[in-house]
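Here's target-v9.txt, which has compact mmCIF, C-alpha atoms:
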# COMPACT_ATOMS: atom_id res chain seq x y z
CA GLN A 1 9.02 -19.62 -1.20
CA LYS A 2 6.64 -16.71 -0.98
CA GLU A 3 8.32 -13.33 -1.35
CA VAL A 4 7.01 -12.05 1.99
CA GLU A 5 6.23 -14.28 4.96
CA GLN A 6 4.16 -13.16 7.93
CA ASP A 7 2.72 -15.23 10.73
CA PRO A 8 -1.06 -14.76 10.53
CA GLY A 9 -1.64 -15.34 14.24
CA PRO A 10 -4.10 -14.69 15.75
CA LEU A 11 -2.23 -12.94 18.51
CA SER A 12 -4.04 -12.13 21.76
CA VAL A 13 -2.49 -9.91 24.44
CA PRO A 14 -3.72 -8.03 27.51
CA GLU A 15 -3.91 -4.26 27.53
CA GLY A 16 -0.53 -2.68 28.25
CA ALA A 17 1.53 -5.51 26.75
CA ILE A 18 4.37 -5.02 24.30
CA VAL A 19 3.55 -6.56 20.94
CA SER A 20 6.09 -7.70 18.37
CA LEU A 21 5.03 -8.33 14.78
CA ASN A 22 7.46 -9.64 12.19
CA CYS A 23 7.93 -10.35 8.51
CA THR A 24 10.68 -12.00 6.54
CA TYR A 25 11.30 -11.56 2.85
CA SER A 26 13.39 -13.12 0.13
CA ASN A 27 13.94 -10.33 -2.41
CA SER A 28 17.12 -8.42 -1.53
CA ALA A 29 16.04 -5.60 -3.88
CA PHE A 30 13.29 -4.46 -1.49
CA GLN A 31 14.10 -1.02 -0.10
CA TYR A 32 10.73 0.45 0.90
CA PHE A 33 9.09 -1.11 3.93
CA MET A 34 5.69 -0.29 5.32
CA TRP A 35 3.27 -1.42 7.97
CA TYR A 36 -0.44 -1.06 7.37
CA ARG A 37 -3.25 -1.45 9.88
CA GLN A 38 -6.61 -2.74 8.75
CA TYR A 39 -9.73 -2.64 10.88
CA SER A 40 -12.56 -5.03 10.14
CA ARG A 41 -14.44 -4.18 6.92
CA LYS A 42 -12.12 -1.26 6.16
CA GLY A 43 -9.29 -0.65 3.72
CA PRO A 44 -5.68 -0.75 4.98
CA GLU A 45 -4.19 2.48 6.34
CA LEU A 46 -0.49 3.27 6.57
CA LEU A 47 0.94 3.05 10.06
CA MET A 48 4.71 3.28 9.57
CA TYR A 49 7.20 3.34 6.73
CA THR A 50 10.98 3.09 6.51
CA TYR A 51 13.51 3.23 3.73
CA SER A 52 16.38 0.72 3.70
CA SER A 53 17.69 -0.39 7.09
CA GLY A 54 17.23 1.19 10.50
CA ASN A 55 14.65 2.09 13.09
CA LYS A 56 11.80 4.54 13.10
CA GLU A 57 9.71 5.52 16.10
CA ASP A 58 6.31 7.19 16.19
CA GLY A 59 4.62 7.38 19.56
CA ARG A 60 3.94 3.85 20.80
CA PHE A 61 5.07 2.30 17.50
CA THR A 62 8.60 1.36 16.41
CA ALA A 63 9.49 -0.10 13.03
CA GLN A 64 12.79 -1.89 12.48
CA VAL A 65 14.39 -3.10 9.27
CA ASP A 66 17.35 -5.48 9.14
CA LYS A 67 18.22 -5.88 5.48
CA SER A 68 21.12 -8.21 6.18
CA SER A 69 18.68 -10.70 7.71
CA LYS A 70 15.78 -9.76 5.40
CA TYR A 71 13.64 -9.20 8.49
CA ILE A 72 11.34 -6.38 9.53
CA SER A 73 9.52 -5.80 12.80
CA LEU A 74 6.83 -3.61 14.27
CA PHE A 75 6.72 -3.08 18.02
CA ILE A 76 3.69 -1.71 19.81
CA ARG A 77 4.24 -0.48 23.36
CA ASP A 78 1.47 -0.12 25.94
CA SER A 79 -1.00 -1.83 23.62
CA GLN A 80 -4.60 -0.63 23.73
CA PRO A 81 -7.90 -2.32 22.79
CA SER A 82 -8.09 0.16 19.89
CA ASP A 83 -4.96 -1.51 18.48
CA SER A 84 -7.01 -4.63 17.78
CA ALA A 85 -6.77 -5.01 14.00
CA THR A 86 -4.94 -6.86 11.27
CA TYR A 87 -1.38 -5.65 10.68
CA LEU A 88 0.06 -6.03 7.21
CA CYS A 89 3.70 -5.66 6.27
CA ALA A 90 4.35 -4.42 2.74
CA MET A 91 7.43 -3.71 0.70
CA SER A 92 8.66 -2.75 -2.74
CA ALA A 93 11.94 -2.41 -4.58
CA ARG A 94 11.16 0.99 -6.10
CA ALA A 95 9.08 3.99 -5.14
CA GLY A 96 5.67 4.06 -6.73
CA THR A 97 5.57 0.41 -7.73
CA ALA A 98 3.17 -2.24 -6.50
CA LEU A 99 3.59 -3.20 -2.86
CA ILE A 100 4.04 -6.85 -2.01
CA PHE A 101 2.14 -7.75 1.14
CA GLY A 102 2.46 -10.32 3.85
CA LYS A 103 -0.69 -12.23 4.75
CA GLY A 104 -1.30 -10.05 7.80
CA THR A 105 -1.31 -10.75 11.55
CA THR A 106 -4.58 -10.43 13.45
CA LEU A 107 -4.05 -8.80 16.84
CA SER A 108 -6.55 -8.71 19.67
CA VAL A 109 -5.88 -6.57 22.75
CA SER A 110 -8.16 -7.28 25.69
CA SER A 111 -8.97 -4.75 28.40
CA ASP B 112 -7.97 14.85 2.85
CA VAL B 113 -6.67 12.40 0.28
CA LYS B 114 -9.12 9.90 -0.96
CA VAL B 115 -9.51 6.73 -2.96
CA THR B 116 -13.16 5.96 -3.57
CA GLN B 117 -14.58 2.64 -4.65
CA SER B 118 -18.03 2.82 -6.15
CA SER B 119 -19.64 0.05 -4.10
CA ARG B 120 -19.05 -1.38 -0.62
CA TYR B 121 -21.06 -4.54 -1.24
CA LEU B 122 -22.09 -6.25 -4.46
CA VAL B 123 -23.94 -9.48 -5.17
CA LYS B 124 -23.75 -10.78 -8.74
CA ARG B 125 -24.77 -13.94 -10.52
CA THR B 126 -22.39 -16.42 -12.11
CA GLY B 127 -21.63 -15.43 -15.69
CA GLU B 128 -22.43 -11.74 -15.27
CA LYS B 129 -20.01 -9.07 -16.40
CA VAL B 130 -19.03 -7.02 -13.35
CA PHE B 131 -17.48 -3.57 -13.21
CA LEU B 132 -15.67 -2.30 -10.11
CA GLU B 133 -14.85 1.39 -10.24
CA CYS B 134 -12.13 3.28 -8.41
CA VAL B 135 -11.43 7.01 -8.39
CA GLN B 136 -8.54 8.85 -6.70
CA ASP B 137 -8.23 12.59 -6.17
CA MET B 138 -4.47 12.80 -5.53
CA ASP B 139 -3.25 12.98 -9.14
CA HIS B 140 -1.29 9.75 -8.62
CA GLU B 141 0.25 8.11 -11.65
CA ASN B 142 0.04 4.58 -10.29
CA MET B 143 -3.10 2.62 -9.48
CA PHE B 144 -3.56 -0.97 -8.38
CA TRP B 145 -6.23 -3.61 -7.88
CA TYR B 146 -5.78 -6.25 -5.19
CA ARG B 147 -8.03 -8.96 -3.90
CA GLN B 148 -7.95 -10.01 -0.26
CA ASP B 149 -8.92 -13.48 0.91
CA PRO B 150 -8.64 -15.12 4.34
CA GLY B 151 -5.36 -16.96 4.67
CA LEU B 152 -4.04 -15.57 1.37
CA GLY B 153 -3.58 -11.89 2.14
CA LEU B 154 -3.57 -9.20 -0.54
CA ARG B 155 -2.77 -10.40 -4.03
CA LEU B 156 -2.12 -8.09 -6.94
CA ILE B 157 -4.48 -8.48 -9.89
CA TYR B 158 -3.53 -5.62 -12.22
CA PHE B 159 -1.80 -2.27 -12.04
CA SER B 160 -1.38 0.80 -14.19
CA TYR B 161 1.46 3.33 -14.33
CA ASP B 162 -0.23 5.73 -16.71
CA VAL B 163 -3.39 6.40 -18.63
CA LYS B 164 -4.16 3.56 -21.04
CA MET B 165 -1.26 1.55 -19.60
CA LYS B 166 -1.82 -1.71 -17.76
CA GLU B 167 0.31 -4.51 -16.41
CA LYS B 168 -0.65 -7.94 -15.13
CA GLY B 169 -0.11 -8.69 -11.51
CA ASP B 170 0.11 -12.10 -9.88
CA ILE B 171 -3.45 -13.29 -10.51
CA PRO B 172 -4.87 -11.60 -13.67
CA GLU B 173 -6.83 -14.58 -14.99
CA GLY B 174 -10.53 -13.83 -15.33
CA TYR B 175 -10.02 -10.07 -14.96
CA SER B 176 -9.32 -7.09 -17.17
CA VAL B 177 -8.85 -3.40 -16.43
CA SER B 178 -9.42 -0.04 -18.02
CA ARG B 179 -7.73 3.29 -17.38
CA GLU B 180 -9.08 5.96 -19.71
CA LYS B 181 -8.48 8.83 -17.30
CA LYS B 182 -5.71 9.36 -14.77
CA GLU B 183 -8.03 9.42 -11.79
CA ARG B 184 -10.10 6.35 -12.66
CA PHE B 185 -9.12 2.69 -12.74
CA SER B 186 -11.77 0.06 -13.41
CA LEU B 187 -11.61 -3.66 -12.76
CA ILE B 188 -13.75 -5.87 -14.98
CA LEU B 189 -14.79 -9.44 -14.30
CA GLU B 190 -15.61 -10.67 -17.79
CA SER B 191 -17.75 -13.60 -16.62
CA ALA B 192 -18.08 -13.73 -12.86
CA SER B 193 -17.48 -17.04 -11.13
CA THR B 194 -17.98 -18.12 -7.54
CA ASN B 195 -14.22 -18.30 -6.96
CA GLN B 196 -14.10 -14.55 -7.56
CA THR B 197 -16.08 -13.94 -4.39
CA SER B 198 -13.67 -11.77 -2.42
CA MET B 199 -12.82 -8.35 -1.02
CA TYR B 200 -11.44 -6.12 -3.78
CA LEU B 201 -9.18 -3.24 -2.85
CA CYS B 202 -8.09 -0.39 -5.07
CA ALA B 203 -4.97 1.63 -4.26
CA SER B 204 -3.04 4.54 -5.70
CA ARG B 205 0.55 5.62 -5.19
CA ALA B 206 2.65 8.53 -6.40
CA SER B 207 5.79 8.00 -8.45
CA GLY B 208 9.18 9.53 -7.70
CA PRO B 209 12.16 8.83 -5.50
CA LEU B 210 10.60 9.83 -2.21
CA ILE B 211 8.99 7.35 0.12
CA THR B 212 5.38 7.23 -0.93
CA GLU B 213 2.65 5.23 0.65
CA ALA B 214 -0.14 3.49 -1.20
CA PHE B 215 -3.57 4.83 -0.32
CA PHE B 216 -6.41 2.36 -0.29
CA GLY B 217 -10.10 2.59 -0.85
CA GLN B 218 -12.60 1.08 1.59
CA GLY B 219 -12.92 -2.07 -0.45
CA THR B 220 -15.73 -3.76 -2.35
CA ARG B 221 -16.98 -7.03 -0.95
CA LEU B 222 -18.17 -8.99 -3.97
CA THR B 223 -20.27 -12.11 -3.65
CA VAL B 224 -20.89 -14.21 -6.76
CA VAL B 225 -23.82 -16.61 -6.45
Could you write out this structure as structure tokens?
Amino acid sequence: QKEVEQDPGPLSVPEGAIVSLNCTYSNSAFQYFMWYRQYSRKGPELLMYTYSSGNKEDGRFTAQVDKSSKYISLFIRDSQPSDSATYLCAMSARAGTALIFGKGTTLSVSS
Amino acid sequence: DVKVTQSSRYLVKRTGEKVFLECVQDMDHENMFWYRQDPGLGLRLIYFSYDVKMKEKGDIPEGYSVSREKKERFSLILESASTNQTSMYLCASRASGPLITEAFFGQGTRLTVV
């Protein structure tokens, strides 16, 4: 079993839809959880991060971590065509160490 | 504006060549990483370094080596390039410490081995 599982999609939604992206993981030591967004031919950029369990909201984006279920989610409200990208979940057990990534979900938002 | 800079965006090399991919960060981060990204496989860790002259193998180190002579620079070396090393290579850096710290990525080097 891979340490981090993420459905690669692709996921296609109309503008204004609510998008839910998810990852599951197997290592209970993971405490640092991040979501990166990667546009085509670019490097990944951090979108959201959380420590341990709980929710975090930033504008149209909400990140949730459920450590008991080893499950993390990213919700995008009122999705825009500019949200079209690949979304990567990433996590690590300790600060500063290598992040373990999911395979990424490709999202397309049509206007 | 924090920055991780990779020396080349696109490279084309021949099978058997020795290839150097360079990465420089300006954030004084202790930790630096090399990943490769392939369709359907995601980002896979090749090597990482927690300090100058220190290196650790990641998940897929075969066919690669690294060098970290200065804190800001982390080089990935393909000793004898092969076609299965055609990929997008991403360098990242990350600060140490107890606080939540993100990894900052470079723009990537798309390497084609022919």
_Closest of A:Asn55, A:Asn22, A:Gln38, A:Ser28 to chain B - atom-to-atom distances counting all atoms listed in the file_ = A:Gln38
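Between A:Gly96 and the residues B:Gly174, B:Gly217, B:Gly208, B:Pro150, the shortest atom-to-atom distance, using all atoms listed in the file, involves B:Gly208.
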*So, counting only C-alpha atoms, which residue among B:Phe144, B:Phe185, B:Phe215, B:Phe131 is closest to A:Glu45?*
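Closest to A:Glu45 of all the choices is B:Phe215.
Atom CA of A:Ser92 sits 24.8 Å away from atom CA of A:Gly59.
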*For the point (9.2, 2.6, 21.0) in the file's frame, write as a ChimeraX atom specification all residues with an atom no more than 10 Å away, counting all atoms listed in the file.*
/A:18,55-63,74-78
*Could you please tell me, as a list of chain:residue names, which residues of chain A have an atom within 8 Å of chain B when using only C-alpha atoms?*
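Interface list for chain A against chain B: A:Pro8, A:Tyr32, A:Met34, A:Arg41, A:Lys42, A:Gly43, A:Pro44, A:Glu45, A:Leu46, A:Tyr49, A:Thr50, A:Tyr51, A:Arg94, A:Ala95, A:Gly96, A:Thr97, A:Ala98, A:Leu99, A:Ile100, A:Phe101, A:Gly102, A:Lys103, A:Gly104.
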*Show me as a VMD selection string the residues that reach within 9 Å of (-19.1, -17.8, -4.6), counting all atoms listed in the file and using the file's own coordinates.*
chain B and resid 126 193 to 198 222 to 225
*Can you tell me, as a list in words, what residues are no more than 7 Å from A:Gln80 when counting all atoms listed in the file, ignoring any on the same chain fewer than 6 positions away?*
Glu15, Gly16 and Val109 of chain A
